[in-house]
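Taking it in order: structure first as C-alpha cells, then the write-up.
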Amino acid sequence: MRLGIALEEGLEISGPVLVRHPSLDTDLSALTNFDVETPDYRVAQRYPEQPEREYEATLIIAPRAKDLLRDLIATAPTRRIIVDGQKTDGIDSLWRTCRKMAEVHGSVTKAHGRLFWMDAEEGAFDDWHYEPPDLHGFVLAPGVFSADGIDPGSYALAEVLPAKIDGHVIDLGAGWGYLSAVAEARGATDIDMVETNAMALACAAANTQHARGHWSDATNWKSDKKADHVLMNPPFHEGRKGTPELGIAFIANAARNLAPRGTLWMVANRHLPYEETLLKKFAQVTELEGPPGTQSFKLFQATRPKR
Ligand SMILES: C[S@@+](CC[C@H](N)C(=O)[O-])C[C@H]1O[C@@H](n2cnc3c(N)ncnc32)[C@H](O)[C@@H]1O
C-alpha cells in the first residue's frame, strides 16, 4: 500500500526491482517487474526462481532484526534503495539515520509504517555489514532465531535428552543447528534437519558434521524413513503474530514421521497450549523436569505416536 502511494507521489522506477526479504503477507501488487530474494522456503514457493540480472532499485522489506536490516542495506546491489517497515520495528529511527548517510528523496507514512527511498554512494553503509558474535565457534547469521546465543529453552531440552542418542534423528525447525549439534555430540550420526530459513540452515550445516539439511516446511516435510527421535523447539510467532497453530502442526508432523517406538522431545514456553494436541497425537506424554532456572519452559517426552 505504501509502495503504491510512493509510486504515485514521485518514486520513479522503470527497470527491474530486487525485493529483499518479503514476508508471507507482503503485498507486491504495485510492482510489475521484480524478483524476490528470500531465505524463507514458504515465501520462495510463491515466486518463480529468476536468473540474476541488473536491477535499478532494491526494495527491502524491513525485518524485525536490526542487524539483518542493516546488513541488507549494506549489501544492496543498487544505488537506489527503498526501505519499507513498521514503526514498532524502528523504521522511523532508521529513516532519520539514513538521512545522515545517504540522499533520502521521499517518504510515505501510512498504516503504522513508513516507506522511504534514497540513493546511496558506494560504501556509504559499509559499517553496517553484519559481524557475527563469537559463540563457542558456532556459525551464526543475522536475523536467524537466537542469533546471539543458545536459546534457554533449547538449552533446557538438551539437558533432558539422553546421554547417548542412537538411530535416526529429525530436528524440526532446526534453526542454526544447536539441537542437532547436541545430538551429534551424544553419538547421533543419522540426522535430518528441516528448516524454512535458508540462512539458518546454512549455519546448521556448518555447525554439524554429517547432518543433512532440508530447506522445507516442517509442518508437512516427510522423511524417507521413520525416526527414532524428533527434537524440536517449535516456532510460536511469525514476526509479531503469535501462531500456536504452527507448533500444533509441528507436533502432528512429528507424530507422522516417528517410528512406532520413536520419541518426541519437545520444549515450549510454559504458557503455550500444546498438551491437548500432544495427547491427541501420542499415547504417552510425560512432562520432564528441566534444569534449575528454566521453569518458564515446559519439556515433553512423548511416545507411541498415533496415526
Ligand atoms: C524456536 S526456533 C528453534 C531453532 C532451533 N531448533 C534451536 O533450538 O535453536 C524455531 C525454528 O523453526 C523455524 N521455522 C518456523 N516455521 C517453520 C516451518 N514451517 N518449517 C520449518 N522451519 C520453520 C524458524 O525459522 C526457527 O529457526
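FYI, nothing fancy with the C-alpha cells labels: chains A, B, ... in order, residues from 1 per chain, ligands from 1 as they appear.
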Checklist entry - Residues of segment 252-302 of chain A in strand (DSSP E) according to DSSP, as a list in words? => result Leu258, Ala259, Pro260, Arg261, Gly262, Thr263, Leu264, Trp265, Met266, Val267, Ala268, Asn269, Phe282, Ala283, Gln284, Val285, Thr286, Glu287, Leu288, Phe297, Lys298, Leu299, Phe300, Gln301 and Ala302 of chain A
Next on the checklist: As a quick test: using only C-alpha atoms and all ligand atoms, which residues lie no more than 8 Å away from ligand 1? Give them as an MDAnalysis selection string.
Outcome noted: chainID A and resid 40:42 144:146 150:151 153:155 171:179 194:197 200 215:219 231:236 238 246 250
Could you please take those selected residues and save C-alpha atoms as a PDB file, in the first residue's frame?
```
ATOM      1  CA  ASP A  40      12.105 -18.332   3.622  1.00  0.00           C
ATOM      2  CA  TYR A  41      11.077 -21.574   1.932  1.00  0.00           C
ATOM      3  CA  ARG A  42       7.348 -20.807   2.055  1.00  0.00           C
ATOM      4  CA  VAL A 144      18.100 -16.194  12.471  1.00  0.00           C
ATOM      5  CA  PHE A 145      16.401 -17.428  15.638  1.00  0.00           C
ATOM      6  CA  SER A 146      18.526 -16.843  18.739  1.00  0.00           C
ATOM      7  CA  ILE A 150      21.918 -20.600  22.705  1.00  0.00           C
ATOM      8  CA  ASP A 151      18.182 -20.293  23.333  1.00  0.00           C
ATOM      9  CA  GLY A 153      14.506 -23.310  26.069  1.00  0.00           C
ATOM     10  CA  SER A 154      16.662 -25.344  23.690  1.00  0.00           C
ATOM     11  CA  TYR A 155      19.368 -25.494  26.343  1.00  0.00           C
ATOM     12  CA  ASP A 171      15.312 -31.890  14.058  1.00  0.00           C
ATOM     13  CA  LEU A 172      12.167 -29.973  13.057  1.00  0.00           C
ATOM     14  CA  GLY A 173      12.748 -26.209  12.775  1.00  0.00           C
ATOM     15  CA  ALA A 174      16.472 -26.738  13.237  1.00  0.00           C
ATOM     16  CA  GLY A 175      17.456 -23.043  13.342  1.00  0.00           C
ATOM     17  CA  TRP A 176      21.234 -22.698  13.349  1.00  0.00           C
ATOM     18  CA  GLY A 177      21.557 -26.331  14.383  1.00  0.00           C
ATOM     19  CA  TYR A 178      22.055 -26.249  18.141  1.00  0.00           C
ATOM     20  CA  LEU A 179      19.901 -29.313  18.918  1.00  0.00           C
ATOM     21  CA  VAL A 194      14.334 -29.328   8.486  1.00  0.00           C
ATOM     22  CA  GLU A 195      14.252 -25.549   8.442  1.00  0.00           C
ATOM     23  CA  THR A 196      12.373 -22.871   6.488  1.00  0.00           C
ATOM     24  CA  ASN A 197      15.078 -20.222   6.744  1.00  0.00           C
ATOM     25  CA  ALA A 200      19.693 -20.602   9.407  1.00  0.00           C
ATOM     26  CA  TRP A 215      15.100 -26.342   3.140  1.00  0.00           C
ATOM     27  CA  SER A 216      11.445 -27.123   3.610  1.00  0.00           C
ATOM     28  CA  ASP A 217       8.285 -26.712   5.653  1.00  0.00           C
ATOM     29  CA  ALA A 218       8.471 -28.730   8.858  1.00  0.00           C
ATOM     30  CA  THR A 219       4.679 -28.911   9.098  1.00  0.00           C
ATOM     31  CA  LEU A 231      13.757 -32.930  18.516  1.00  0.00           C
ATOM     32  CA  MET A 232      12.014 -29.597  18.410  1.00  0.00           C
ATOM     33  CA  ASN A 233      11.552 -26.168  19.888  1.00  0.00           C
ATOM     34  CA  PRO A 234       8.697 -25.149  17.599  1.00  0.00           C
ATOM     35  CA  PRO A 235       8.157 -21.550  16.495  1.00  0.00           C
ATOM     36  CA  PHE A 236       5.350 -19.722  18.267  1.00  0.00           C
ATOM     37  CA  GLU A 238       5.894 -15.141  12.880  1.00  0.00           C
ATOM     38  CA  LEU A 246       2.339 -23.654  13.836  1.00  0.00           C
ATOM     39  CA  PHE A 250       4.827 -29.378  14.067  1.00  0.00           C
TER      40      PHE A 250
END
```
Next on the checklist: To test your reading of the structure, identify every residue in segment 37-262 of chain A that backbone DSSP assigns to alpha helix (DSSP H), and report it as a PyMOL selection string.
Outcome noted: chain A and resi 41-44+66-74+91-101+152-160+178-185+198-206+244-257
Item to check | Distance of atom CA of Asp119 of chain A from atom CA of Ile5 of chain A, expressed in Å to one decimal place | outcome: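 Separating atom CA of Ile5 of chain A from atom CA of Asp119 of chain A is a distance of 19.0 Å.
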Checklist entry - When distances are computed from only C-alpha atoms, which of A:Ala74, A:Ala227, A:Met199, A:Asp89 shows the smallest separation from Glu122 of chain A? => result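 Using only C-alpha atoms, Glu122 of chain A sits closest to A:Ala74.
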Next on the checklist: Residues within 10 Å of Ala120 of chain A, please, as a count of residues only. Count only C-alpha atoms; anything in the same chain fewer than 5 positions from it doesn't count.
Outcome noted: 13
Checklist entry - Rounded to one decimal in Å, what is the spacing between atom CA of Glu37 of chain A and atom CA of Pro22 of chain A? => result 8.0 Å
Checklist entry - If you count only C-alpha atoms, which residues fall within 8 Å of Asp35 of chain A, apart from same-chain ones fewer than 5 positions away, as a PyMOL selection string? => result chain A and resi 16-19+47+50
Export C-alpha atoms of the chosen residues as a PDB file, in the first residue's frame?
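Result file follows (result.pdb):
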```pdb
ATOM      1  CA  PRO A  16      13.635  -4.303 -12.545  1.00  0.00           C
ATOM      2  CA  VAL A  17      13.496  -4.192  -8.752  1.00  0.00           C
ATOM      3  CA  LEU A  18      15.091  -6.678  -6.379  1.00  0.00           C
ATOM      4  CA  VAL A  19      12.749  -7.244  -3.430  1.00  0.00           C
ATOM      5  CA  TYR A  47       7.793 -16.616  -6.726  1.00  0.00           C
ATOM      6  CA  GLN A  50      14.765 -15.817 -11.706  1.00  0.00           C
TER       7      GLN A  50
END
```
Next on the checklist: When you look at segment 275-288 of chain A with a cut-off of 8 Å (counting only C-alpha atoms), what residues show up, excluding the ones that are within fewer than 3 positions of it in the same chain? I need them as a list of chain:residue names.
Outcome noted: A:Val160, A:Ile248, A:Ile251, A:Ala252, A:Ala255, A:Lys298, A:Leu299, A:Phe300, A:Gln301, A:Ala302, A:Thr303, A:Arg304, A:Pro305, A:Lys306, A:Arg307
Requested write-out: N, CA and C atoms of the selected residues, as a tab-separated table (two decimals), in the first residue's frame:
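See part.tsv below for the written result:
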```tsv
chain	number	residue	atom	x	y	z
A	160	VAL	N	17.78	-32.52	29.08
A	160	VAL	CA	17.00	-33.72	29.41
A	160	VAL	C	17.08	-34.80	28.31
A	248	ILE	N	1.34	-26.63	16.77
A	248	ILE	CA	0.41	-27.76	16.71
A	248	ILE	C	0.68	-28.59	15.44
A	251	ILE	N	3.78	-30.66	15.87
A	251	ILE	CA	3.55	-31.87	16.68
A	251	ILE	C	2.94	-32.97	15.81
A	252	ALA	N	1.94	-32.58	15.00
A	252	ALA	CA	1.27	-33.58	14.15
A	252	ALA	C	2.28	-34.19	13.18
A	255	ALA	N	4.58	-36.67	14.87
A	255	ALA	CA	3.93	-37.97	15.07
A	255	ALA	C	3.96	-38.78	13.76
A	298	LYS	N	8.23	-25.64	29.24
A	298	LYS	CA	7.74	-26.99	29.51
A	298	LYS	C	8.53	-27.93	28.61
A	299	LEU	N	8.93	-29.05	29.20
A	299	LEU	CA	9.70	-30.03	28.42
A	299	LEU	C	8.87	-31.30	28.34
A	300	PHE	N	8.71	-31.82	27.14
A	300	PHE	CA	7.86	-33.00	26.97
A	300	PHE	C	8.64	-34.15	26.32
A	301	GLN	N	8.32	-35.34	26.80
A	301	GLN	CA	8.76	-36.58	26.13
A	301	GLN	C	7.47	-37.29	25.74
A	302	ALA	N	7.27	-37.52	24.46
A	302	ALA	CA	6.02	-38.14	24.02
A	302	ALA	C	6.35	-39.38	23.20
A	303	THR	N	5.66	-40.49	23.52
A	303	THR	CA	5.95	-41.75	22.83
A	303	THR	C	4.65	-42.38	22.31
A	304	ARG	N	4.82	-43.43	21.53
A	304	ARG	CA	3.69	-44.15	20.91
A	304	ARG	C	2.80	-43.23	20.09
A	305	PRO	N	3.38	-42.72	18.98
A	305	PRO	CA	2.60	-41.82	18.11
A	305	PRO	C	1.35	-42.50	17.57
A	306	LYS	N	0.26	-41.71	17.50
A	306	LYS	CA	-0.99	-42.25	16.92
A	306	LYS	C	-1.08	-41.72	15.50
A	307	ARG	N	-1.59	-42.52	14.60
A	307	ARG	CA	-1.75	-42.03	13.23
A	307	ARG	C	-3.19	-42.13	12.77
```
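Interatomic distance, atom CA of Ala254 of chain A against atom CA of His229 of chain A: 9.1 Å.
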